[in-house]
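*Asks:* Just one file: query-v3.txt, with compact mmCIF, C-alpha atoms.
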# COMPACT_ATOMS: atom_id res chain seq x y z
CA MET A 12 -33.71 18.68 -0.94
CA PRO A 13 -34.42 20.72 2.21
CA ASP A 14 -35.54 24.29 1.56
CA ALA A 15 -32.59 25.58 3.54
CA ILE A 16 -30.10 24.81 0.77
CA PRO A 17 -29.47 27.72 -1.61
CA ALA A 18 -30.74 27.02 -5.12
CA ARG A 19 -27.35 26.93 -6.84
CA LEU A 20 -25.92 24.53 -4.26
CA ALA A 21 -29.00 22.35 -4.57
CA GLU A 22 -28.43 22.20 -8.34
CA ILE A 23 -24.84 21.11 -7.82
CA ILE A 24 -25.90 18.41 -5.39
CA GLU A 25 -28.36 17.13 -7.98
CA GLU A 26 -25.67 17.14 -10.61
CA PHE A 27 -23.60 14.85 -8.41
CA GLN A 28 -26.58 12.64 -7.68
CA PHE A 29 -26.90 11.89 -11.39
CA CYS A 30 -23.32 10.63 -11.52
CA GLU A 31 -22.08 7.22 -10.49
CA GLY A 32 -18.65 6.15 -9.24
CA ARG A 33 -15.95 7.43 -11.53
CA GLU A 34 -18.27 10.04 -13.09
CA LYS A 35 -18.59 11.66 -9.69
CA LEU A 36 -14.83 12.01 -9.52
CA GLU A 37 -14.73 13.40 -13.06
CA LEU A 38 -17.35 15.97 -12.15
CA LEU A 39 -15.36 16.94 -9.08
CA VAL A 40 -12.31 17.34 -11.34
CA GLN A 41 -14.25 19.85 -13.43
CA TYR A 42 -15.05 21.82 -10.32
CA ALA A 43 -11.44 21.58 -9.10
CA GLU A 44 -10.19 22.91 -12.42
CA SER A 45 -12.59 25.83 -12.39
CA LEU A 46 -11.65 27.13 -8.94
CA PRO A 47 -10.41 30.67 -9.58
CA PRO A 48 -7.07 31.77 -8.12
CA LEU A 49 -7.00 34.11 -5.15
CA PRO A 50 -7.60 37.74 -6.09
CA ASP A 51 -4.44 39.84 -5.91
CA TRP A 52 -5.45 41.70 -2.78
CA LEU A 53 -5.58 38.44 -0.86
CA ILE A 54 -2.36 36.85 -2.02
CA GLN A 55 -0.19 38.74 0.42
CA LYS A 56 -2.48 37.88 3.28
CA ARG A 57 -2.32 34.22 2.30
CA ASP A 58 1.44 34.08 2.71
CA ALA A 59 1.19 35.32 6.28
CA MET A 60 -1.08 32.45 7.24
CA ALA A 61 0.26 29.52 9.23
CA GLN A 62 0.16 26.27 7.32
CA VAL A 63 -1.69 23.29 8.63
CA PRO A 64 1.03 20.77 9.49
CA GLU A 65 1.92 17.49 7.82
CA CYS A 66 -0.55 15.23 6.10
CA MET A 67 -3.21 17.90 5.87
CA THR A 68 -4.09 20.26 3.10
CA PRO A 69 -3.51 23.91 3.94
CA VAL A 70 -6.79 25.59 3.12
CA PHE A 71 -7.32 29.31 3.26
CA ILE A 72 -10.79 30.79 3.08
CA GLN A 73 -11.74 34.44 3.02
CA ALA A 74 -15.22 35.88 2.90
CA GLU A 75 -16.31 39.21 1.50
CA SER A 76 -19.71 40.72 1.97
CA LYS A 77 -21.26 42.88 -0.71
CA ASP A 78 -24.67 44.30 0.19
CA GLY A 79 -25.19 41.48 2.63
CA ARG A 80 -24.32 38.81 0.08
CA PHE A 81 -21.21 36.71 0.46
CA VAL A 82 -18.37 36.03 -1.90
CA PHE A 83 -15.92 33.37 -0.78
CA HIS A 84 -12.29 33.11 -1.79
CA PHE A 85 -10.33 29.89 -1.46
CA ASP A 86 -6.70 29.01 -1.71
CA VAL A 87 -5.98 25.30 -1.97
CA PRO A 88 -2.76 23.83 -3.37
CA ALA A 89 -2.82 22.28 -6.83
CA GLU A 90 -1.66 18.94 -5.43
CA SER A 91 -4.92 18.63 -3.51
CA PRO A 92 -7.53 18.53 -6.27
CA MET A 93 -10.13 16.83 -4.10
CA VAL A 94 -10.15 19.72 -1.66
CA ARG A 95 -10.04 22.19 -4.56
CA GLY A 96 -13.05 20.49 -6.08
CA PHE A 97 -14.97 20.75 -2.86
CA ALA A 98 -13.92 24.37 -2.35
CA SER A 99 -15.11 25.13 -5.85
CA VAL A 100 -18.48 23.49 -5.16
CA MET A 101 -18.81 25.61 -2.04
CA LYS A 102 -17.86 28.77 -3.85
CA GLN A 103 -20.20 28.25 -6.75
CA GLY A 104 -22.92 26.97 -4.46
CA LEU A 105 -22.81 29.73 -1.87
CA ASP A 106 -21.45 32.85 -3.57
CA GLY A 107 -24.19 35.45 -3.62
CA ALA A 108 -26.05 33.91 -0.71
CA THR A 109 -26.95 35.92 2.37
CA ALA A 110 -25.83 34.86 5.83
CA GLU A 111 -28.90 32.93 6.83
CA PRO A 112 -28.89 30.31 4.08
CA VAL A 113 -25.12 29.88 4.49
CA LEU A 114 -25.62 29.15 8.18
CA GLN A 115 -28.44 26.74 7.45
CA VAL A 116 -26.57 24.45 5.07
CA PRO A 117 -26.62 21.07 6.84
CA HIS A 118 -23.12 20.11 8.01
CA ASP A 119 -23.39 16.79 6.17
CA PHE A 120 -25.06 18.02 2.97
CA PHE A 121 -22.38 16.33 0.87
CA LEU A 122 -23.73 12.93 1.83
CA ALA A 123 -26.57 13.73 -0.54
CA MET A 124 -23.94 14.12 -3.28
CA GLY A 125 -22.91 10.52 -2.64
CA LEU A 126 -19.35 11.50 -1.87
CA ASP A 127 -19.24 8.98 0.95
CA SER A 128 -18.89 6.26 -1.69
CA VAL A 129 -15.61 7.67 -2.96
CA LEU A 130 -14.11 9.43 0.08
CA THR A 131 -13.10 8.27 3.55
CA HIS A 132 -14.94 9.49 6.61
CA GLN A 133 -11.86 11.43 7.60
CA ARG A 134 -11.99 13.25 4.29
CA LEU A 135 -15.65 13.96 4.78
CA ASN A 136 -14.89 15.37 8.23
CA GLY A 137 -12.46 17.67 6.49
CA LEU A 138 -15.17 18.86 4.12
CA SER A 139 -17.47 19.40 7.05
CA ALA A 140 -14.75 21.49 8.69
CA ILE A 141 -14.48 23.68 5.59
CA LEU A 142 -18.20 24.37 5.70
CA ALA A 143 -17.98 25.04 9.45
CA HIS A 144 -15.19 27.53 8.81
CA MET A 145 -17.25 29.30 6.15
CA LYS A 146 -20.13 29.59 8.59
CA GLN A 147 -17.79 31.01 11.20
CA LEU A 148 -16.61 33.65 8.74
CA ALA A 149 -20.20 34.50 7.94
CA VAL A 150 -21.03 34.93 11.63
CA GLN A 151 -17.94 37.10 12.18
CA MET A 152 -18.85 39.33 9.28
CA MET A 153 -22.40 39.75 10.43
CA GLY A 154 -21.07 40.86 13.82
CA ALA A 155 -18.55 43.23 12.30
CA MET B 3 33.16 4.17 -0.81
CA THR B 4 29.48 4.96 -0.95
CA ALA B 5 27.14 2.53 0.76
CA LYS B 6 24.46 1.13 -1.50
CA TYR B 7 20.85 0.30 -0.85
CA ALA B 8 20.45 -3.31 0.24
CA HIS B 9 17.88 -4.04 -2.48
CA PRO B 10 18.19 -1.32 -5.12
CA GLU B 11 16.06 -3.41 -7.48
CA TYR B 12 12.97 -2.25 -5.56
CA LEU B 13 13.48 1.31 -6.75
CA VAL B 14 13.15 2.72 -10.24
CA GLU B 15 13.85 6.26 -11.35
CA THR B 16 11.48 8.53 -13.28
CA GLY B 17 13.73 8.53 -16.34
CA TRP B 18 13.72 4.75 -16.46
CA VAL B 19 9.93 4.68 -16.17
CA ALA B 20 9.62 7.19 -19.02
CA GLU B 21 11.62 4.84 -21.23
CA HIS B 22 9.56 1.79 -20.31
CA LEU B 23 6.00 3.08 -20.66
CA ASN B 24 5.14 0.52 -23.30
CA ASP B 25 6.77 -2.48 -21.67
CA PRO B 26 4.02 -5.13 -21.37
CA SER B 27 5.76 -6.87 -18.50
CA LEU B 28 5.28 -3.77 -16.35
CA ARG B 29 2.21 -2.17 -14.86
CA LEU B 30 2.33 1.35 -13.45
CA ALA B 31 -0.01 1.96 -10.53
CA GLU B 32 -0.78 5.35 -9.01
CA SER B 33 -1.72 5.45 -5.32
CA ASP B 34 -2.42 8.86 -3.82
CA GLU B 35 -3.68 10.43 -0.68
CA ASP B 36 -5.80 12.79 -2.74
CA PRO B 37 -8.36 10.61 -4.52
CA LEU B 38 -8.71 13.04 -7.41
CA LEU B 39 -5.11 13.34 -8.54
CA TYR B 40 -5.26 10.34 -10.87
CA GLU B 41 -8.27 11.90 -12.63
CA ILE B 42 -6.50 15.25 -12.95
CA GLY B 43 -3.77 13.44 -14.84
CA HIS B 44 -1.56 10.37 -14.44
CA ILE B 45 1.44 8.79 -16.11
CA PRO B 46 0.35 7.31 -19.47
CA GLY B 47 -0.71 3.70 -19.02
CA ALA B 48 -0.95 3.87 -15.24
CA VAL B 49 -3.89 2.31 -13.42
CA LYS B 50 -5.40 3.73 -10.26
CA VAL B 51 -5.07 1.86 -6.99
CA ASP B 52 -6.88 3.97 -4.41
CA TRP B 53 -5.87 3.09 -0.88
CA PHE B 54 -9.44 3.49 0.31
CA THR B 55 -11.89 2.55 -2.42
CA THR B 56 -9.63 -0.07 -4.00
CA LEU B 57 -7.71 -1.65 -1.14
CA GLN B 58 -9.93 -1.35 1.92
CA HIS B 59 -12.68 -3.79 2.77
CA PRO B 60 -15.96 -2.00 2.01
CA VAL B 61 -17.44 -2.65 5.45
CA LYS B 62 -15.03 -3.65 8.20
CA ARG B 63 -11.69 -2.06 9.04
CA ASP B 64 -9.39 -4.34 7.11
CA PHE B 65 -8.10 -4.88 3.60
CA ILE B 66 -9.91 -6.59 0.78
CA THR B 67 -9.85 -10.36 1.00
CA LYS B 68 -7.52 -12.63 -0.93
CA THR B 69 -10.26 -13.42 -3.44
CA GLU B 70 -11.04 -9.73 -3.92
CA PHE B 71 -7.35 -9.03 -4.31
CA GLU B 72 -7.16 -11.66 -7.04
CA GLN B 73 -10.07 -10.01 -8.83
CA LEU B 74 -8.33 -6.66 -8.52
CA GLY B 75 -5.11 -7.99 -10.02
CA SER B 76 -7.05 -9.60 -12.82
CA GLN B 77 -9.02 -6.42 -13.63
CA LEU B 78 -5.90 -4.31 -13.71
CA GLY B 79 -4.29 -6.72 -16.15
CA ILE B 80 -1.72 -7.76 -13.59
CA SER B 81 -0.59 -11.37 -13.81
CA ASN B 82 1.64 -13.10 -11.30
CA ASN B 83 4.63 -12.28 -13.47
CA THR B 84 3.86 -8.60 -13.95
CA THR B 85 6.21 -6.14 -12.30
CA VAL B 86 4.08 -3.50 -10.62
CA ILE B 87 5.61 -0.05 -10.22
CA PHE B 88 3.90 2.15 -7.65
CA TYR B 89 4.07 5.90 -7.46
CA GLY B 90 1.97 8.60 -5.84
CA ASP B 91 1.71 11.90 -4.04
CA LYS B 92 3.06 12.82 -0.60
CA SER B 93 6.52 11.33 -1.20
CA ASN B 94 4.98 7.97 -2.09
CA TRP B 95 3.16 7.29 1.21
CA PHE B 96 0.30 5.44 -0.36
CA ALA B 97 2.48 4.01 -3.09
CA CYS B 98 4.44 2.28 -0.33
CA TYR B 99 1.19 1.32 1.36
CA ALA B 100 -0.12 -0.30 -1.83
CA LEU B 101 3.21 -2.01 -2.44
CA TRP B 102 3.12 -3.35 1.10
CA LEU B 103 -0.37 -4.76 0.56
CA PHE B 104 0.68 -6.36 -2.73
CA GLN B 105 3.52 -8.03 -0.86
CA TYR B 106 1.11 -9.04 1.89
CA TYR B 107 -0.73 -11.07 -0.74
CA GLY B 108 2.51 -12.47 -2.09
CA HIS B 109 3.19 -10.31 -5.14
CA GLN B 110 6.97 -10.21 -5.24
CA ASN B 111 7.68 -8.14 -8.34
CA VAL B 112 7.05 -4.65 -7.06
CA ARG B 113 8.90 -1.35 -7.32
CA ILE B 114 8.61 2.21 -6.11
CA MET B 115 9.21 5.07 -8.53
CA ASN B 116 11.68 7.22 -6.61
CA GLY B 117 10.37 10.74 -5.99
CA GLY B 118 6.83 9.81 -6.93
CA ARG B 119 4.34 11.98 -8.73
CA ALA B 120 5.89 15.24 -7.60
CA LYS B 121 9.23 14.43 -9.23
CA TRP B 122 7.58 13.32 -12.47
CA GLU B 123 5.71 16.61 -12.52
CA LYS B 124 8.76 18.67 -11.64
CA GLU B 125 10.60 17.15 -14.56
CA ASN B 126 7.77 18.26 -16.84
CA ARG B 127 7.00 14.75 -17.89
CA HIS B 128 3.76 13.87 -19.56
CA PHE B 129 0.47 13.30 -17.73
CA THR B 130 -2.73 12.08 -19.34
CA LYS B 131 -6.38 11.84 -18.39
CA GLU B 132 -6.84 8.80 -20.58
CA VAL B 133 -7.76 5.79 -18.48
CA PRO B 134 -6.17 2.65 -19.95
CA THR B 135 -7.93 -0.67 -20.23
CA TYR B 136 -6.05 -3.93 -20.11
CA ALA B 137 -7.14 -7.42 -20.95
CA LYS B 138 -8.02 -9.40 -17.85
CA ALA B 139 -5.11 -11.40 -16.55
CA ALA B 140 -5.08 -14.65 -14.64
CA TYR B 141 -4.03 -13.83 -11.12
CA THR B 142 -3.54 -16.00 -8.07
CA ALA B 143 -2.70 -14.45 -4.73
CA LYS B 144 -0.90 -16.18 -1.88
CA GLU B 145 -2.08 -16.46 1.69
CA PRO B 146 -1.39 -13.23 3.63
CA ASP B 147 2.23 -12.84 4.66
CA ALA B 148 2.00 -12.34 8.42
CA SER B 149 5.70 -11.51 8.61
CA ILE B 150 5.14 -7.96 7.35
CA ARG B 151 1.92 -6.97 9.14
CA ALA B 152 1.53 -6.42 12.89
CA PHE B 153 -1.78 -6.57 14.72
CA ARG B 154 -2.48 -4.99 18.09
CA ASP B 155 -1.73 -8.21 20.00
CA ASP B 156 1.69 -8.33 18.37
CA VAL B 157 2.25 -4.78 19.54
CA PHE B 158 1.25 -5.66 23.12
CA THR B 159 3.83 -8.47 23.04
CA HIS B 160 6.39 -6.08 21.61
CA VAL B 161 5.77 -3.61 24.43
CA ARG B 162 6.03 -6.35 27.07
CA LEU B 163 9.28 -7.70 25.63
CA LYS B 164 10.63 -4.17 25.10
CA LYS B 165 11.24 -4.80 21.42
CA ALA B 166 11.84 -2.12 18.82
CA LEU B 167 8.94 0.18 17.91
CA VAL B 168 9.28 3.10 15.52
CA ASP B 169 6.77 5.91 15.65
CA VAL B 170 7.03 7.70 12.30
CA ARG B 171 4.49 10.47 12.97
CA SER B 172 5.41 14.11 13.44
CA PRO B 173 7.02 15.09 16.77
CA LYS B 174 3.84 16.73 18.04
CA GLU B 175 1.81 13.63 17.41
CA PHE B 176 4.48 11.58 19.21
CA SER B 177 4.44 13.84 22.26
CA GLY B 178 0.67 13.77 22.40
CA GLU B 179 0.43 17.52 21.96
CA LEU B 180 -1.50 17.01 18.79
CA LEU B 181 -4.53 14.82 19.13
CA HIS B 182 -6.22 15.87 15.96
CA MET B 183 -5.28 18.28 13.25
CA PRO B 184 -6.52 21.84 13.18
CA ASN B 185 -9.54 22.04 10.84
CA TYR B 186 -9.71 18.27 10.73
CA PRO B 187 -11.52 17.24 13.87
CA GLN B 188 -12.10 13.63 14.85
CA GLU B 189 -9.33 12.46 12.67
CA GLY B 190 -7.15 11.07 15.38
CA ALA B 191 -7.89 9.15 18.50
CA THR B 192 -9.37 9.76 21.93
CA ARG B 193 -5.92 9.73 23.54
CA GLY B 194 -2.63 11.27 22.48
CA GLY B 195 0.93 10.11 22.98
CA HIS B 196 2.84 7.09 21.75
CA ILE B 197 3.24 3.38 22.38
CA PRO B 198 5.57 2.84 25.36
CA GLY B 199 9.15 2.27 24.30
CA ALA B 200 8.67 3.60 20.77
CA VAL B 201 11.33 5.88 19.33
CA SER B 202 10.36 8.87 17.24
CA ILE B 203 11.78 8.89 13.73
CA PRO B 204 9.41 10.88 11.53
CA TRP B 205 9.03 9.27 8.10
CA SER B 206 9.99 12.53 6.39
CA GLN B 207 13.56 12.24 7.64
CA ALA B 208 14.06 9.44 5.13
CA VAL B 209 13.46 11.62 2.09
CA LEU B 210 15.17 14.60 0.53
CA GLU B 211 13.02 17.68 0.70
CA ALA B 212 14.10 18.90 -2.71
CA ASP B 213 12.59 16.10 -4.79
CA SER B 214 11.00 13.59 -2.40
CA THR B 215 13.52 10.90 -3.32
CA PHE B 216 14.96 8.63 -0.66
CA LYS B 217 18.09 9.76 1.13
CA PRO B 218 21.35 7.94 0.35
CA ALA B 219 21.96 4.64 2.11
CA GLU B 220 24.55 5.85 4.60
CA GLU B 221 22.32 8.70 5.78
CA LEU B 222 19.41 6.33 6.25
CA LYS B 223 21.59 3.88 8.13
CA LEU B 224 22.70 6.60 10.50
CA LEU B 225 19.18 7.93 10.93
CA TYR B 226 17.84 4.64 12.25
CA GLU B 227 20.89 3.17 13.94
CA ARG B 228 21.51 6.19 16.13
CA GLN B 229 18.10 5.47 17.65
CA ASN B 230 18.96 1.80 18.05
CA ILE B 231 16.81 0.69 15.16
CA SER B 232 19.36 -1.75 13.83
CA PRO B 233 19.19 -4.70 11.40
CA GLU B 234 19.16 -7.54 13.94
CA LYS B 235 16.06 -6.17 15.71
CA ASP B 236 12.49 -7.32 15.41
CA ILE B 237 10.84 -4.02 14.44
CA ILE B 238 7.29 -2.71 14.24
CA ALA B 239 6.60 0.66 12.61
CA TYR B 240 3.39 2.64 13.05
CA CYS B 241 1.85 6.04 12.38
CA ARG B 242 -1.79 7.12 12.37
CA ILE B 243 -3.40 4.78 9.86
CA GLY B 244 -0.41 2.87 8.53
CA GLU B 245 0.44 4.78 5.38
CA ARG B 246 3.43 6.79 6.59
CA SER B 247 4.72 3.71 8.39
CA SER B 248 4.52 1.72 5.12
CA HIS B 249 6.97 4.28 3.81
CA THR B 250 9.35 3.64 6.71
CA TRP B 251 8.72 -0.11 6.38
CA PHE B 252 9.86 0.11 2.76
CA VAL B 253 12.99 2.03 3.73
CA LEU B 254 13.98 -0.41 6.47
CA LYS B 255 13.09 -3.54 4.58
CA TYR B 256 14.38 -2.80 1.09
CA LEU B 257 16.70 0.17 1.21
CA LEU B 258 18.47 -0.94 4.39
CA GLY B 259 17.72 -4.65 4.10
CA TYR B 260 16.43 -5.25 7.63
CA PRO B 261 14.91 -8.74 7.64
CA ASN B 262 12.30 -8.35 10.40
CA VAL B 263 10.11 -5.32 9.94
CA ARG B 264 6.36 -5.22 10.27
CA ASN B 265 3.89 -2.43 9.61
CA TYR B 266 1.18 -1.92 12.22
CA ASP B 267 -1.62 -0.60 10.04
CA GLY B 268 -4.02 -0.27 12.98
CA SER B 269 -1.56 2.39 14.16
CA TRP B 270 -2.56 5.29 16.38
CA THR B 271 -6.19 5.36 15.29
CA GLU B 272 -6.43 1.90 16.86
CA TRP B 273 -3.97 2.15 19.76
CA GLY B 274 -5.10 5.60 20.89
CA ASN B 275 -8.66 4.34 21.09
CA LEU B 276 -8.04 0.96 22.73
CA VAL B 277 -9.39 0.75 26.25
CA GLY B 278 -6.57 -0.02 28.66
CA ALA B 279 -3.74 0.12 26.12
CA PRO B 280 -0.60 1.59 27.72
CA ILE B 281 0.43 5.02 26.47
CA GLU B 282 3.53 7.10 27.08
CA LYS B 283 3.62 10.87 26.77
Go ahead and express the file in the form of structure tokens.
*Replies:*
Amino acid sequence: MPDAIPARLAEIIEEFQFCEGREKLELLVQYAESLPPLPDWLIQKRDAMAQVPECMTPVFIQAESKDGRFVFHFDVPAESPMVRGFASVMKQGLDGATAEPVLQVPHDFFLAMGLDSVLTHQRLNGLSAILAHMKQLAVQMMGA
Amino acid sequence: MTAKYAHPEYLVETGWVAEHLNDPSLRLAESDEDPLLYEIGHIPGAVKVDWFTTLQHPVKRDFITKTEFEQLGSQLGISNNTTVIFYGDKSNWFACYALWLFQYYGHQNVRIMNGGRAKWEKENRHFTKEVPTYAKAAYTAKEPDASIRAFRDDVFTHVRLKKALVDVRSPKEFSGELLHMPNYPQEGATRGGHIPGAVSIPWSQAVLEADSTFKPAEELKLLYERQNISPEKDIIAYCRIGERSSHTWFVLKYLLGYPNVRNYDGSWTEWGNLVGAPIEK
């Protein structure tokens, strides 16, 4: 595992590496089911967001910075557990990290989790886009 | 007098499914866009048929072979006489896609559960995480049925002869305004637009928003016929990867009874990347 990956995220990646096939999906289900709902103060903001059109999962990500450490909030519909699972991995893996390690997470780190065996490349691109968006938020907040 | 679906036997309702969960002549199969939904919970007794990991060839862009399809049927406890009922998320896109592939390999006894997963859930019906196991069945597939699948050369011929093409994507994909989805880069093709001569009839116009069930026969008839997609035509439907167009294929073929409808599964991700292929915007 490259040094750049925050310890908690590295642990999660390892957890996935130990699982094969269906077990990987079951693990992702556990993450999906543990994704916390949006905090109240964000719910109103969520409704004002434009939805990503047809065929795509509307994902909403918000970052908070507390003493230079990030907390990410996700809103992903219940009917998209795969995206929820991934969001939950990202949240658990990167909450509490400072900007630099967030920005250094390799854009394809999930390949190490073996998710390419159960997900299409298009799906993986979607996951990559979520990470890219989180990095963007981190950059914006550093500049703010 | 209300018009009826041409082949209503290809549709079953959620209530009927609930009453037939233990019928050994049936096999429920869940096919979703989201690959985790089945694991989150599925209809008791249902097997998972993932459009990607189950039905696609592991290396090249194509479906599993006839032999692999036979192994699949056997593993899922599906014999040649089993009636397979498909259901899934997204108004049954991938359920229709899986049904189409089963028909491609000659499995005739197939159904769609009207309204799909969302309706089952809305009606507070039971979901389980328990994955069923079935005794292996003897299964023999037929040679692929070319009459329901179009390849790119068929589409070129269709364009040349000005035959009927239905683009079932969203209006912005049809116009070429949308090349790839926001947040989902590289998902589309290098060029936007549609196949010359295609009419735009988004798949979603065939379902009721309230519960994802298919619209009544007369509404469907009007929807397609007013765009000159009529029963005597030789029709090819396409979308981006062939899943939404399987949905329209199912509507035209079984709900309206059109005899000549093919699904172009290469769809826009093939056409929009083909060097020299004609495109209209």
*Asks:* Would you list the contacts of Phe158 of chain B as a list in words, taking every protein, DNA or RNA residue within 12 Å and counting only C-alpha atoms, but skipping same-chain residues closer than 6 positions in sequence?
*Replies:*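 Those residues are Ala152, Lys164, Lys165, Ala166, Leu167, Ile197, Pro198, Gly199, Ile238, Tyr266, Trp273, Leu276, Gly278, Ala279, Pro280 and Ile281 of chain B.
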*Asks:* Write out as a list in words each polymer residue whose atoms come within 9 Å of Tyr106 of chain B, counting only C-alpha atoms; drop sequence neighbours fewer than 6 positions from it.
*Replies:*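 These residues fall inside the cut-off: Lys144, Glu145, Pro146, Asp147, Ala148, Ser149, Ile150 and Arg151 of chain B.
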*Asks:* Just checking: using only C-alpha atoms, which residue out of A:Leu53, A:Ala123, A:Val40, A:Val113 ends up closest to chain B?
*Replies:*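 Among A:Leu53, A:Ala123, A:Val40, A:Val113, it is A:Val40 that comes nearest to chain B.
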*Asks:* For His249 of chain B, list every protein, DNA or RNA residue within 10 Å, evaluated using only C-alpha atoms, and leave out those in the same chain fewer than 5 positions away; present the list as JSON, numbers by chain.
*Replies:* {"B": [93, 94, 95, 96, 97, 98, 99, 101, 102, 170, 205, 206, 208, 209, 239, 244, 254, 255, 265]}
*Asks:* Name all residues at most 10 Å from segment 36-39 of chain A (count all atoms listed in the file; drop same-chain ones fewer than 4 positions away) and give them as a PyMOL selection string.
*Replies:* (chain A and resi 26-27+30-32+43-45+92-97+99-100+126+129-130) or (chain B and resi 37-42)
*Asks:* Which is closer to chain B than all the others in A:Leu46, A:Ile54, A:Ala110, A:Ile141, using all atoms listed in the file?
*Replies:*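 Selected residue with least distance to chain B: A:Ile141.
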*Asks:* Could you name the residues that touch Gln151 of chain A at 12 Å or less, counting only C-alpha atoms, but leaving out those on the same chain fewer than 5 positions away, as a list in words?
*Replies:*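 These residues fall inside the cut-off: Gln73, Ala74, Glu75, Ser76, Ala110, Leu114, His144, Met145 and Lys146 of chain A.
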*Asks:* Find the residues with any atom within 12 Å of (-18.9, 26.8, -6.2); use all atoms listed in the file and the coordinates as given in the file, and write the answer as a PyMOL selection string.
*Replies:* chain A and resi 17-24+39+41-47+82-85+95-108
*Asks:* Write a file of the just-selected residues containing C-alpha atoms, as a PDB file, in the frame of the given file.
*Replies:*
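Output file part-v6.pdb is given in full below:
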ATOM      1  CA  PRO A  17     -29.470  27.720  -1.610  1.00  0.00           C
ATOM      2  CA  ALA A  18     -30.740  27.020  -5.120  1.00  0.00           C
ATOM      3  CA  ARG A  19     -27.350  26.930  -6.840  1.00  0.00           C
ATOM      4  CA  LEU A  20     -25.920  24.530  -4.260  1.00  0.00           C
ATOM      5  CA  ALA A  21     -29.000  22.350  -4.570  1.00  0.00           C
ATOM      6  CA  GLU A  22     -28.430  22.200  -8.340  1.00  0.00           C
ATOM      7  CA  ILE A  23     -24.840  21.110  -7.820  1.00  0.00           C
ATOM      8  CA  ILE A  24     -25.900  18.410  -5.390  1.00  0.00           C
ATOM      9  CA  LEU A  39     -15.360  16.940  -9.080  1.00  0.00           C
ATOM     10  CA  GLN A  41     -14.250  19.850 -13.430  1.00  0.00           C
ATOM     11  CA  TYR A  42     -15.050  21.820 -10.320  1.00  0.00           C
ATOM     12  CA  ALA A  43     -11.440  21.580  -9.100  1.00  0.00           C
ATOM     13  CA  GLU A  44     -10.190  22.910 -12.420  1.00  0.00           C
ATOM     14  CA  SER A  45     -12.590  25.830 -12.390  1.00  0.00           C
ATOM     15  CA  LEU A  46     -11.650  27.130  -8.940  1.00  0.00           C
ATOM     16  CA  PRO A  47     -10.410  30.670  -9.580  1.00  0.00           C
ATOM     17  CA  VAL A  82     -18.370  36.030  -1.900  1.00  0.00           C
ATOM     18  CA  PHE A  83     -15.920  33.370  -0.780  1.00  0.00           C
ATOM     19  CA  HIS A  84     -12.290  33.110  -1.790  1.00  0.00           C
ATOM     20  CA  PHE A  85     -10.330  29.890  -1.460  1.00  0.00           C
ATOM     21  CA  ARG A  95     -10.040  22.190  -4.560  1.00  0.00           C
ATOM     22  CA  GLY A  96     -13.050  20.490  -6.080  1.00  0.00           C
ATOM     23  CA  PHE A  97     -14.970  20.750  -2.860  1.00  0.00           C
ATOM     24  CA  ALA A  98     -13.920  24.370  -2.350  1.00  0.00           C
ATOM     25  CA  SER A  99     -15.110  25.130  -5.850  1.00  0.00           C
ATOM     26  CA  VAL A 100     -18.480  23.490  -5.160  1.00  0.00           C
ATOM     27  CA  MET A 101     -18.810  25.610  -2.040  1.00  0.00           C
ATOM     28  CA  LYS A 102     -17.860  28.770  -3.850  1.00  0.00           C
ATOM     29  CA  GLN A 103     -20.200  28.250  -6.750  1.00  0.00           C
ATOM     30  CA  GLY A 104     -22.920  26.970  -4.460  1.00  0.00           C
ATOM     31  CA  LEU A 105     -22.810  29.730  -1.870  1.00  0.00           C
ATOM     32  CA  ASP A 106     -21.450  32.850  -3.570  1.00  0.00           C
ATOM     33  CA  GLY A 107     -24.190  35.450  -3.620  1.00  0.00           C
ATOM     34  CA  ALA A 108     -26.050  33.910  -0.710  1.00  0.00           C
TER      35      ALA A 108
END
*Asks:* Between B:Ser202, B:Ser269, B:Asn116, B:Ser177, which has the minimum distance to Pro10 of chain B (counting only C-alpha atoms)?
*Replies:*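 Of all the options, B:Asn116 lies closest to Pro10 of chain B.
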*Asks:* May I ask for the distance between atom CA of Ala20 of chain B and atom CA of Asn111 of chain B, given in Å to one decimal place?
*Replies:* 18.8 Å
*Asks:* For the atom pair atom CA of Phe176 of chain B and atom CA of Lys283 of chain B, what is the interatomic distance in Å to one decimal place?
*Replies:*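 Taking atom CA of Phe176 of chain B and atom CA of Lys283 of chain B, their separation equals 7.6 Å.
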*Asks:* Figure out the distance between atom CA of Ala143 of chain B and atom CA of Asp267 of chain B, please, to one decimal in Å.
*Replies:* 20.3 Å
*Asks:* From the list B:Val277, B:Val161, B:Leu103, B:Ile45, which residue is nearest Trp251 of chain B when using only C-alpha atoms?
*Replies:*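 Smallest distance to Trp251 of chain B is found for B:Leu103.
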*Asks:* With distances taken over all atoms listed in the file, which of B:Leu13, B:Ile114, B:Val86, B:Val157 is nearest to Arg264 of chain B?
*Replies:* B:Val157
